[in-house]
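**Student:** This one is upload.txt, compact mmCIF, C-alpha atoms and all ligand atoms.
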# COMPACT_ATOMS: atom_id res chain seq x y z
CA MET A 2 95.96 128.87 114.04
CA ALA A 3 96.65 125.99 111.64
CA GLU A 4 100.26 125.75 110.50
CA ARG A 5 100.87 127.18 107.01
CA LEU A 6 100.94 124.36 104.47
CA ALA A 7 104.06 123.84 102.35
CA ILE A 8 101.85 124.15 99.26
CA ASP A 9 101.08 127.72 100.46
CA GLY A 10 104.72 128.55 101.16
CA GLY A 11 105.04 127.07 104.68
CA GLU A 12 107.83 124.78 105.94
CA PRO A 13 107.46 121.20 104.67
CA ILE A 14 107.14 118.52 107.36
CA ARG A 15 109.73 116.39 105.61
CA LYS A 16 112.85 117.68 103.89
CA ARG A 17 114.80 114.47 103.18
CA PRO A 18 113.53 111.84 100.73
CA PHE A 19 111.69 108.75 101.92
CA PRO A 20 113.58 105.43 101.58
CA SER A 21 113.61 103.58 98.27
CA ARG A 22 113.27 99.83 97.76
CA ALA A 23 116.51 99.74 95.77
CA GLU A 24 118.43 98.57 98.84
CA GLY A 25 116.41 95.34 98.72
CA PHE A 26 118.64 93.98 95.96
CA GLY A 27 122.17 92.89 96.77
CA GLU A 28 124.54 90.01 97.31
CA ALA A 29 121.94 87.24 97.45
CA GLU A 30 120.47 88.24 94.07
CA LEU A 31 123.95 88.61 92.58
CA ALA A 32 124.98 85.18 93.82
CA GLN A 33 121.91 83.55 92.26
CA LEU A 34 122.38 85.43 89.00
CA THR A 35 126.06 84.59 88.87
CA GLU A 36 125.26 80.89 89.16
CA VAL A 37 122.94 81.15 86.16
CA ILE A 38 125.44 83.07 84.04
CA ARG A 39 128.26 80.66 84.95
CA SER A 40 126.04 77.70 84.08
CA GLY A 41 125.48 79.12 80.61
CA HIS A 42 121.86 77.94 80.82
CA LEU A 43 119.40 80.85 80.76
CA PHE A 44 116.37 78.90 79.50
CA ARG A 45 113.79 77.69 82.02
CA VAL A 46 113.46 74.25 80.46
CA GLY A 47 116.24 72.20 81.96
CA GLY A 48 117.28 75.04 84.29
CA ALA A 49 117.45 74.82 88.07
CA LYS A 50 116.27 78.27 89.21
CA THR A 51 112.73 78.35 87.81
CA ALA A 52 112.08 74.83 89.09
CA ALA A 53 113.38 75.85 92.53
CA LEU A 54 111.29 79.04 92.54
CA GLU A 55 108.13 77.12 91.66
CA GLU A 56 108.81 74.45 94.26
CA LYS A 57 109.55 76.97 97.00
CA PHE A 58 106.57 79.20 96.24
CA ALA A 59 104.20 76.22 96.17
CA ARG A 60 105.58 75.09 99.54
CA LEU A 61 105.22 78.58 101.05
CA LEU A 62 101.56 78.76 100.00
CA GLY A 63 100.85 75.11 100.77
CA VAL A 64 99.58 74.36 97.24
CA LYS A 65 100.34 71.46 94.94
CA HIS A 66 101.45 73.41 91.87
CA ALA A 67 103.14 76.72 91.06
CA LEU A 68 104.08 77.89 87.57
CA ALA A 69 106.34 80.88 86.97
CA VAL A 70 105.62 83.03 83.90
CA THR A 71 106.69 86.38 82.46
CA SER A 72 104.23 88.78 84.16
CA GLY A 73 101.11 89.05 86.27
CA THR A 74 99.18 89.67 83.06
CA ALA A 75 100.65 86.45 81.65
CA ALA A 76 99.72 84.61 84.87
CA LEU A 77 96.10 85.73 84.55
CA HIS A 78 95.99 84.94 80.83
CA THR A 79 97.43 81.51 81.58
CA ALA A 80 94.81 80.90 84.30
CA ILE A 81 92.06 81.79 81.82
CA GLY A 82 93.70 79.58 79.20
CA ALA A 83 93.63 76.76 81.76
CA VAL A 84 89.91 77.30 82.45
CA ASN A 85 89.47 77.33 78.64
CA PRO A 86 86.29 79.35 78.08
CA ASP A 87 84.46 79.08 74.78
CA PRO A 88 84.52 82.21 72.61
CA GLY A 89 81.81 84.59 73.80
CA ASP A 90 81.74 83.16 77.34
CA GLU A 91 81.66 85.80 80.06
CA ILE A 92 84.08 86.39 82.92
CA ILE A 93 82.97 88.62 85.76
CA THR A 94 85.47 90.90 87.46
CA THR A 95 86.00 94.33 88.97
CA PRO A 96 86.74 97.60 87.15
CA ALA A 97 88.92 98.72 90.09
CA THR A 98 91.99 96.81 89.01
CA ASP A 99 94.98 96.89 86.69
CA MET A 100 94.41 96.32 82.96
CA GLY A 101 96.38 93.07 83.37
CA THR A 102 93.31 91.50 84.97
CA ILE A 103 91.30 92.07 81.79
CA ILE A 104 93.74 91.54 78.91
CA GLY A 105 93.79 87.73 79.04
CA ILE A 106 90.00 87.55 79.06
CA ILE A 107 89.79 89.39 75.75
CA TYR A 108 92.73 87.53 74.19
CA GLN A 109 90.90 84.28 74.95
CA ASN A 110 87.89 85.72 73.08
CA ALA A 111 85.82 85.89 76.24
CA ILE A 112 83.91 88.96 77.40
CA PRO A 113 84.79 90.88 80.57
CA VAL A 114 81.66 91.69 82.56
CA PHE A 115 82.11 94.24 85.32
CA ALA A 116 80.41 93.89 88.68
CA ASP A 117 80.53 96.74 91.19
CA VAL A 118 82.51 96.99 94.41
CA THR A 119 80.94 97.47 97.83
CA PRO A 120 79.98 101.08 98.71
CA GLY A 121 83.11 102.91 99.85
CA GLY A 122 85.08 99.69 99.39
CA TYR A 123 87.72 98.21 97.14
CA HIS A 124 86.47 94.70 96.52
CA LEU A 125 83.74 93.10 94.43
CA ASP A 126 80.31 93.05 96.03
CA PRO A 127 79.07 89.42 95.92
CA GLU A 128 75.50 90.61 95.31
CA SER A 129 76.62 92.65 92.30
CA VAL A 130 78.47 89.58 90.99
CA ARG A 131 75.31 87.49 91.37
CA ALA A 132 73.36 90.11 89.40
CA GLN A 133 75.81 89.73 86.48
CA LEU A 134 75.63 85.93 86.23
CA THR A 135 74.28 84.54 82.95
CA PRO A 136 74.32 81.05 81.44
CA ARG A 137 77.50 82.18 79.63
CA THR A 138 79.42 83.04 82.84
CA ARG A 139 82.50 80.87 82.95
CA ALA A 140 84.60 82.36 85.73
CA ILE A 141 84.92 85.13 88.30
CA ILE A 142 88.23 86.92 88.79
CA VAL A 143 88.36 88.22 92.35
CA VAL A 144 91.04 90.86 92.95
CA HIS A 145 92.50 91.21 96.44
CA LEU A 146 93.25 94.91 96.11
CA TRP A 147 96.05 96.71 97.96
CA GLY A 148 96.91 93.52 99.87
CA MET A 149 93.48 93.25 101.56
CA ALA A 150 91.41 90.10 101.23
CA ALA A 151 88.11 90.11 99.35
CA ASP A 152 85.17 88.18 100.84
CA MET A 153 86.22 84.83 99.40
CA ASP A 154 83.60 82.65 101.11
CA ALA A 155 80.85 84.48 99.23
CA PHE A 156 82.62 84.08 95.86
CA LEU A 157 83.48 80.44 96.47
CA GLU A 158 79.80 79.81 97.23
CA ILE A 159 78.76 81.49 93.96
CA GLY A 160 81.37 79.41 92.14
CA ARG A 161 80.09 76.16 93.68
CA GLU A 162 76.42 77.01 93.14
CA HIS A 163 76.93 77.82 89.46
CA GLY A 164 79.79 75.48 88.59
CA ILE A 165 82.12 78.31 87.58
CA ALA A 166 85.78 78.81 88.33
CA VAL A 167 87.01 81.39 90.84
CA ILE A 168 90.37 82.88 89.90
CA GLU A 169 92.13 84.99 92.53
CA ASP A 170 94.16 87.96 91.31
CA CYS A 171 96.80 88.28 94.04
CA ALA A 172 99.13 90.59 92.11
CA GLN A 173 98.99 92.98 95.07
CA ALA A 174 98.31 90.39 97.77
CA TYR A 175 101.27 88.20 98.71
CA LEU A 176 100.63 86.31 101.97
CA THR A 177 97.33 88.14 102.47
CA THR A 178 95.18 86.09 104.81
CA TYR A 179 91.44 85.46 104.84
CA ARG A 180 89.95 83.52 107.77
CA GLY A 181 93.19 81.63 108.25
CA ARG A 182 93.71 80.88 104.55
CA LEU A 183 96.19 82.46 102.18
CA ALA A 184 95.09 84.52 99.18
CA GLY A 185 95.60 82.50 96.01
CA THR A 186 94.91 79.13 97.66
CA MET A 187 91.12 79.34 97.89
CA GLY A 188 89.87 79.59 94.32
CA GLU A 189 90.65 77.18 91.47
CA LEU A 190 93.68 79.27 90.52
CA GLY A 191 95.68 82.10 92.10
CA CYS A 192 97.75 84.59 90.08
CA PHE A 193 100.63 86.78 91.25
CA SER A 194 102.74 89.53 89.68
CA MET A 195 106.47 89.96 90.21
CA GLN A 196 106.60 93.40 88.56
CA GLN A 197 108.98 95.88 90.21
CA SER A 198 106.46 97.39 92.67
CA LYS A 199 105.22 94.06 94.04
CA HIS A 200 106.13 92.45 97.40
CA LEU A 201 108.02 89.75 95.48
CA THR A 202 109.79 91.06 92.40
CA CYS A 203 112.27 90.26 89.67
CA GLY A 204 111.45 93.34 87.56
CA ASP A 205 108.69 91.58 85.66
CA GLY A 206 107.32 88.10 86.22
CA GLY A 207 104.28 86.18 87.39
CA LEU A 208 103.18 83.05 89.20
CA VAL A 209 100.12 80.83 88.85
CA VAL A 210 99.18 78.45 91.66
CA THR A 211 96.57 75.71 91.88
CA ASP A 212 95.80 72.49 93.72
CA ARG A 213 94.16 70.97 90.65
CA ASP A 214 96.34 68.65 88.58
CA ASP A 215 94.26 69.14 85.43
CA LEU A 216 94.42 72.96 85.59
CA ALA A 217 98.13 72.87 86.43
CA ALA A 218 98.87 70.67 83.43
CA ARG A 219 96.86 72.85 81.09
CA ALA A 220 98.39 76.05 82.48
CA ARG A 221 101.90 74.67 81.97
CA LEU A 222 101.11 73.78 78.37
CA PHE A 223 99.35 77.10 77.72
CA ALA A 224 102.40 79.10 78.84
CA ASP A 225 104.70 76.99 76.64
CA LYS A 226 103.00 77.20 73.21
CA GLY A 227 100.82 74.20 74.00
CA TRP A 228 103.98 72.14 73.72
CA ASP A 229 103.83 68.74 75.37
CA ARG A 230 107.43 68.06 76.31
CA SER A 231 106.65 64.84 78.20
CA THR A 232 107.01 62.74 75.05
CA GLY A 233 110.38 64.16 74.07
CA GLY A 234 108.76 65.22 70.81
CA ARG A 235 107.11 68.43 69.76
CA GLY A 236 103.34 67.94 70.01
CA HIS A 237 101.57 71.31 70.07
CA LEU A 238 98.36 70.13 71.71
CA PHE A 239 96.42 73.40 71.55
CA LEU A 240 96.94 77.11 70.95
CA GLY A 241 99.07 78.59 73.69
CA MET A 242 101.47 81.46 74.31
CA ASN A 243 105.16 81.71 75.06
CA TYR A 244 105.07 83.01 78.62
CA ARG A 245 108.27 81.25 79.67
CA ILE A 246 110.21 83.13 82.33
CA THR A 247 114.00 83.04 82.07
CA GLU A 248 116.41 81.60 84.59
CA LEU A 249 117.74 85.13 85.13
CA GLN A 250 114.39 86.40 86.36
CA SER A 251 113.83 83.27 88.45
CA ALA A 252 117.27 83.65 90.04
CA VAL A 253 116.38 87.12 91.30
CA ALA A 254 112.90 86.01 92.37
CA LEU A 255 114.36 83.08 94.28
CA ALA A 256 116.63 85.39 96.29
CA GLN A 257 113.72 87.79 96.88
CA LEU A 258 111.44 84.96 97.97
CA ASP A 259 113.68 84.36 100.99
CA LYS A 260 112.84 87.92 102.09
CA LEU A 261 109.09 87.81 101.44
CA GLU A 262 107.89 86.91 104.92
CA ARG A 263 110.02 89.66 106.48
CA ILE A 264 108.80 92.16 103.86
CA VAL A 265 105.19 91.32 104.66
CA SER A 266 105.53 91.42 108.44
CA ARG A 267 107.37 94.74 108.30
CA ARG A 268 104.73 96.25 105.99
CA ARG A 269 101.98 95.02 108.30
CA ALA A 270 103.60 96.68 111.31
CA LEU A 271 104.20 99.97 109.49
CA GLY A 272 100.87 100.06 107.65
CA ASP A 273 98.97 99.36 110.87
CA ARG A 274 101.00 102.07 112.60
CA LEU A 275 99.93 104.61 109.96
CA THR A 276 96.31 103.47 110.20
CA ALA A 277 96.33 103.92 113.97
CA ALA A 278 97.93 107.36 113.61
CA ILE A 279 95.44 108.76 111.07
CA SER A 280 92.20 107.06 112.14
CA GLY A 281 89.39 109.37 113.15
CA ILE A 282 90.21 112.30 110.86
CA PRO A 283 86.83 113.43 109.46
CA GLY A 284 86.49 112.63 105.76
CA LEU A 285 89.69 110.56 105.56
CA TYR A 286 89.24 106.80 105.37
CA PRO A 287 92.33 104.63 105.89
CA PRO A 288 92.37 100.96 104.84
CA ALA A 289 91.39 98.09 107.13
CA ASP A 290 94.33 96.93 109.24
CA SER A 291 96.11 93.62 108.94
CA ALA A 292 94.19 91.96 111.78
CA SER A 293 90.79 92.66 110.21
CA SER A 294 91.57 92.31 106.49
CA GLY A 295 94.75 90.24 106.26
CA ASN A 296 96.30 93.39 104.77
CA THR A 297 99.89 93.11 103.57
CA TYR A 298 99.97 96.71 102.29
CA TRP A 299 101.05 96.72 98.63
CA PHE A 300 100.69 100.50 98.69
CA TYR A 301 98.58 102.39 101.21
CA PRO A 302 95.15 103.59 99.98
CA VAL A 303 93.11 106.33 101.69
CA ARG A 304 89.81 107.74 100.55
CA VAL A 305 89.25 111.49 100.81
CA VAL A 306 85.59 112.55 100.95
CA GLU A 307 85.83 116.20 100.02
CA GLU A 308 82.63 117.43 101.71
CA GLU A 309 83.68 115.93 105.06
CA PHE A 310 87.42 116.57 104.77
CA GLY A 311 87.18 120.16 103.56
CA MET A 312 89.64 119.81 100.68
CA SER A 313 89.53 118.18 97.27
CA ARG A 314 91.31 114.89 96.64
CA ASP A 315 93.64 116.49 94.09
CA ARG A 316 94.63 119.35 96.37
CA PHE A 317 95.28 116.83 99.17
CA VAL A 318 97.71 114.98 96.87
CA GLU A 319 99.48 118.21 95.91
CA ALA A 320 99.61 119.30 99.54
CA LEU A 321 101.11 115.97 100.63
CA ASN A 322 103.75 116.08 97.91
CA ALA A 323 104.62 119.63 98.95
CA GLU A 324 105.04 118.42 102.55
CA GLY A 325 107.57 115.89 101.16
CA ALA A 326 105.31 112.81 101.41
CA PRO A 327 104.83 110.75 98.24
CA ALA A 328 101.17 110.48 97.22
CA TRP A 329 99.49 109.83 93.88
CA VAL A 330 96.22 108.98 92.17
CA TRP A 331 95.85 105.37 91.02
CA LEU A 332 94.34 104.61 87.57
CA ASP A 333 93.96 108.37 87.02
CA GLY A 334 90.95 108.06 89.32
CA LYS A 335 88.91 106.15 86.69
CA PRO A 336 87.51 102.62 86.47
CA LEU A 337 89.16 100.49 83.81
CA TYR A 338 86.15 100.59 81.52
CA ALA A 339 86.61 104.37 81.12
CA TYR A 340 89.88 103.77 79.22
CA GLU A 341 89.66 103.76 75.40
CA ALA A 342 90.58 100.08 74.95
CA LEU A 343 87.46 99.05 76.85
CA ARG A 344 85.18 102.09 76.52
CA ASP A 345 85.44 102.05 72.72
CA GLN A 346 86.29 98.34 72.53
CA VAL A 347 89.50 99.00 70.59
CA THR A 348 90.75 95.45 70.06
CA PHE A 349 91.73 93.61 66.86
CA GLY A 350 92.16 95.41 63.54
CA SER A 351 89.14 97.52 62.71
CA SER A 352 86.78 95.13 64.54
CA HIS A 353 85.55 95.20 68.13
CA HIS A 354 86.22 91.48 68.40
CA PRO A 355 85.28 89.58 70.55
CA PHE A 356 82.56 92.02 71.65
CA ASP A 357 80.95 91.97 68.20
CA SER A 358 81.71 88.34 67.38
CA PRO A 359 78.96 85.88 66.37
CA TYR A 360 79.84 83.78 69.43
CA VAL A 361 78.47 86.26 71.99
CA SER A 362 74.97 85.88 73.40
CA ARG A 363 74.53 89.62 73.99
CA ARG A 364 76.31 92.86 73.30
CA VAL A 365 78.20 93.94 76.43
CA GLU A 366 79.07 97.65 76.64
CA TYR A 367 80.62 99.85 79.29
CA PRO A 368 78.78 103.16 79.64
CA PRO A 369 79.72 105.70 82.32
CA GLY A 370 77.88 104.93 85.56
CA LEU A 371 78.12 101.16 85.00
CA CYS A 372 79.66 100.57 88.45
CA PRO A 373 78.83 103.67 90.51
CA ASN A 374 80.53 102.50 93.71
CA ALA A 375 83.80 101.77 91.91
CA GLU A 376 83.63 105.14 90.15
CA GLN A 377 83.09 106.91 93.48
CA THR A 378 85.86 105.01 95.30
CA LEU A 379 88.35 105.74 92.51
CA LYS A 380 87.40 109.44 92.55
CA GLU A 381 88.16 109.61 96.27
CA LEU A 382 91.24 107.43 96.31
CA VAL A 383 94.76 108.60 97.15
CA THR A 384 97.70 106.21 97.21
CA LEU A 385 100.48 106.59 99.73
CA THR A 386 103.62 104.49 100.04
CA VAL A 387 104.59 102.30 102.96
CA HIS A 388 107.23 99.65 102.39
CA GLU A 389 109.71 97.53 104.27
CA PHE A 390 112.52 100.10 104.23
CA TYR A 391 110.44 102.78 105.93
CA THR A 392 111.22 103.41 109.57
CA GLU A 393 108.71 104.19 112.29
CA GLN A 394 109.90 107.81 112.00
CA ASP A 395 109.09 107.82 108.27
CA VAL A 396 105.55 106.66 109.02
CA ASP A 397 105.21 109.22 111.79
CA ASP A 398 106.33 111.98 109.40
CA MET A 399 103.67 110.89 106.92
CA ALA A 400 101.05 110.91 109.65
CA ALA A 401 102.21 114.38 110.76
CA ALA A 402 101.91 115.69 107.19
CA ILE A 403 98.39 114.24 106.92
CA HIS A 404 97.32 115.76 110.26
CA LYS A 405 98.78 119.13 109.31
CA ILE A 406 96.84 119.17 106.04
CA ALA A 407 93.64 117.89 107.66
CA GLU A 408 93.79 120.64 110.25
CA ALA A 409 94.25 123.31 107.57
CA ALA A 410 91.40 121.76 105.54
CA ARG A 411 89.04 122.02 108.52
CA LYS A 412 89.66 125.78 108.93
C1 LIG B 501 95.60 93.71 90.57
C2 LIG B 501 96.58 93.52 89.46
N1 LIG B 501 96.35 92.57 88.54
C3 LIG B 501 97.20 92.35 87.52
C4 LIG B 501 98.35 93.08 87.38
C5 LIG B 501 99.23 92.83 86.20
O1 LIG B 501 100.52 92.44 86.57
P1 LIG B 501 101.78 92.75 85.62
O2 LIG B 501 102.00 94.21 85.64
O3 LIG B 501 102.88 91.96 86.28
O4 LIG B 501 101.46 92.23 84.27
C6 LIG B 501 98.66 94.07 88.31
C7 LIG B 501 99.87 94.89 88.19
O5 LIG B 501 100.00 95.96 88.78
C8 LIG B 501 97.74 94.30 89.38
O6 LIG B 501 97.97 95.25 90.30
Show how you would write the structure in this file as structure tokens.
**Tutor:**
Amino acid sequence: MAERLAIDGGEPIRKRPFPSRAEGFGEAELAQLTEVIRSGHLFRVGGAKTAALEEKFARLLGVKHALAVTSGTAALHTAIGAVNPDPGDEIITTPATDMGTIIGIIYQNAIPVFADVTPGGYHLDPESVRAQLTPRTRAIIVVHLWGMAADMDAFLEIGREHGIAVIEDCAQAYLTTYRGRLAGTMGELGCFSMQQSKHLTCGDGGLVVTDRDDLAARARLFADKGWDRSTGGRGHLFLGMNYRITELQSAVALAQLDKLERIVSRRRALGDRLTAAISGIPGLYPPADSASSGNTYWFYPVRVVEEEFGMSRDRFVEALNAEGAPAWVWLDGKPLYAYEALRDQVTFGSSHHPFDSPYVSRRVEYPPGLCPNAEQTLKELVTLTVHEFYTEQDVDDMAAAIHKIAEAARK
């Protein structure tokens, strides 16, 4: 007989809480922060910490330029500002991503065009991207979701063929590898988030990387009000934002950066351990492991196909939580275009600008069913947590909870 599930009044597999990431902050961060406070200089311009963070991150990735900004959203907006689309130009991306991927497109008066993901997958399908190309396409934003690499060679080829920029959204993909290359170093620009949940964090922050001098220069200006500081004067060369990170954030990020490689290798070991432990359960699809996808495990996604698994996705989440294992539903199970801001094009004032602006070549709308594969994946998706402070026993407890529920579901 299958063991009684905790959700039905049985004994939970796990009674003590899983580890938190809070222990990742300590003396090194305090020492860096103390130096900034003692220096009395909290502003990035003329400060040492942001410059050091940028230099060190660029070296780690093997790129020419890194620019630290205030968030991942700001990094993506800055990358789009560097590419400098004309109003009404189109930027193709995925609806299975954070809103931060989209915001900068609309603020630059460009139009987000959604391509679908591969069936049962997380990443853009190159063929779907090709189908969305128009003469107005100016860039593709490829998201490396969950720490797994998207099929970059295909996107780089599309970029080359059509003379459009490829921007990599690596918010979830620090040190993710693709055919020996690092995520963020393959397209024209790579963008990272340093929000609390990310592999590298300072609470909120972002990084933009590029090998191109022209894009780097424009990105730096864009994130600093278009202000050309090289002359010593105050020339605002074009419309930009203030996305300047502070020395306080950079100080914490600098201390965290020293830990990044260890964080990633630990997550790879633990994530792969969980994948090995839960592979083969009918109707439960774990992510690709680190060897096959470069996975660095931001969180840990599994897809639950109800008809094969024997239990609904939502009941699986409740059952896991009852067993003491954290699990949740990302994006409320919906593609981004199902949210009001995009579905109803709620943008500036009472307008739908830029969607209804005279600069567009066509009216782009986001009806349900637009990207059926993404909709299906998000309906099936459950997010679990695996991070560097988990032990092998923690992972084994999660696997035991999953097996216990799967067995009950099969009955
Ligand atoms: C794929 C992706 N892109 C962009 C962002 C936006 O980053 P931020 O929250 O730092 O603005 C996130 C944040 O979760 C993300 O996961």
**Student:** Report the distance between CA of Arg314 in chain A and CA of Glu12 in chain A in Å, rounded to one decimal place.
**Tutor:**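 If I compute the distance from CA of Arg314 in chain A to CA of Glu12 in chain A, I get 21.4 Å.
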**Student:** Identify which of the residues A:Gly27, A:Pro20, A:Gly148, A:Pro369 lies closest to Glu393 in chain A, counting all atoms listed in the file when measuring atom-to-atom distances.
**Tutor:** A:Pro20
**Student:** Give me the residues of chain A that have any atom at most 6 Å from an atom of ligand LIG 501 (chain B); for each, the nearest atom pair and the distance in Å, rounded to one decimal. Use only C-alpha atoms and all ligand atoms, sort by chain and number, and format it as a Markdown table.
**Tutor:**
| residue | atom | partner | partner_atom | distance |
| --- | --- | --- | --- | --- |
| A:Ser72 | CA | B:LIG501 | O3 | 4.1 |
| A:Gly73 | CA | B:LIG501 | O3 | 3.4 |
| A:Thr74 | CA | B:LIG501 | O4 | 3.6 |
| A:Thr98 | CA | B:LIG501 | C1 | 5.0 |
| A:Asp99 | CA | B:LIG501 | C8 | 4.6 |
| A:Gly101 | CA | B:LIG501 | C5 | 4.0 |
| A:Thr102 | CA | B:LIG501 | C3 | 4.7 |
| A:Val144 | CA | B:LIG501 | C1 | 5.9 |
| A:Asp170 | CA | B:LIG501 | N1 | 5.8 |
| A:Ala172 | CA | B:LIG501 | C2 | 4.7 |
| A:Gln173 | CA | B:LIG501 | O6 | 5.4 |
| A:Ser194 | CA | B:LIG501 | O3 | 4.2 |
| A:Met195 | CA | B:LIG501 | O3 | 5.7 |
| A:Gln196 | CA | B:LIG501 | O3 | 4.6 |
| A:Asp205 | CA | B:LIG501 | O3 | 5.9 |
| A:Gly206 | CA | B:LIG501 | O3 | 5.9 |
**Student:** Just the residues within 8 Å of Phe239 in chain A, please, counting only C-alpha atoms, with nothing from its chain fewer than 6 positions along; format it as number ranges by chain.
**Tutor:** A: 223, 226-228
**Student:** As an exercise, work out the distance from CA of Arg213 in chain A to CA of Lys65 in chain A in Å and give it to one decimal place.
**Tutor:**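 If I compute the distance from CA of Arg213 in chain A to CA of Lys65 in chain A, I get 7.5 Å.
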**Student:** Once N, CA and C atoms are restored for range 366-386 of chain A, what would the output be as a tab-separated table (two decimals), keeping the file's coordinate frame?
**Tutor:**
chain	number	residue	atom	x	y	z
A	366	GLU	N	78.43	96.34	76.79
A	366	GLU	CA	79.07	97.65	76.64
A	366	GLU	C	79.35	98.25	78.01
A	367	TYR	N	80.15	99.29	78.01
A	367	TYR	CA	80.62	99.85	79.29
A	367	TYR	C	80.34	101.35	79.39
A	368	PRO	N	79.09	101.72	79.55
A	368	PRO	CA	78.78	103.16	79.64
A	368	PRO	C	79.22	103.75	80.98
A	369	PRO	N	79.43	105.07	81.03
A	369	PRO	CA	79.72	105.70	82.32
A	369	PRO	C	78.58	105.39	83.29
A	370	GLY	N	78.91	105.23	84.56
A	370	GLY	CA	77.88	104.93	85.56
A	370	GLY	C	77.62	103.45	85.71
A	371	LEU	N	78.34	102.61	84.95
A	371	LEU	CA	78.12	101.16	85.00
A	371	LEU	C	78.31	100.61	86.42
A	372	CYS	N	79.37	101.03	87.08
A	372	CYS	CA	79.66	100.57	88.45
A	372	CYS	C	79.86	101.81	89.32
A	373	PRO	N	78.74	102.39	89.81
A	373	PRO	CA	78.83	103.67	90.51
A	373	PRO	C	79.71	103.64	91.76
A	374	ASN	N	79.70	102.54	92.49
A	374	ASN	CA	80.53	102.50	93.71
A	374	ASN	C	82.01	102.54	93.36
A	375	ALA	N	82.39	101.79	92.32
A	375	ALA	CA	83.80	101.77	91.91
A	375	ALA	C	84.20	103.16	91.42
A	376	GLU	N	83.31	103.80	90.67
A	376	GLU	CA	83.63	105.14	90.15
A	376	GLU	C	83.85	106.10	91.31
A	377	GLN	N	82.98	106.00	92.33
A	377	GLN	CA	83.09	106.91	93.48
A	377	GLN	C	84.38	106.63	94.26
A	378	THR	N	84.64	105.37	94.55
A	378	THR	CA	85.86	105.01	95.30
A	378	THR	C	87.09	105.53	94.58
A	379	LEU	N	87.15	105.33	93.26
A	379	LEU	CA	88.35	105.74	92.51
A	379	LEU	C	88.49	107.26	92.46
A	380	LYS	N	87.35	107.97	92.51
A	380	LYS	CA	87.40	109.44	92.55
A	380	LYS	C	87.97	109.95	93.86
A	381	GLU	N	87.75	109.17	94.92
A	381	GLU	CA	88.16	109.61	96.27
A	381	GLU	C	89.54	109.11	96.67
A	382	LEU	N	90.07	108.20	95.88
A	382	LEU	CA	91.24	107.43	96.31
A	382	LEU	C	92.57	108.18	96.15
A	383	VAL	N	93.38	108.10	97.19
A	383	VAL	CA	94.76	108.60	97.15
A	383	VAL	C	95.66	107.44	97.57
A	384	THR	N	96.77	107.29	96.87
A	384	THR	CA	97.70	106.21	97.21
A	384	THR	C	98.95	106.77	97.87
A	385	LEU	N	99.25	106.23	99.02
A	385	LEU	CA	100.48	106.59	99.73
A	385	LEU	C	101.42	105.38	99.70
A	386	THR	N	102.66	105.60	100.06
A	386	THR	CA	103.62	104.49	100.04
A	386	THR	C	104.02	104.13	101.46
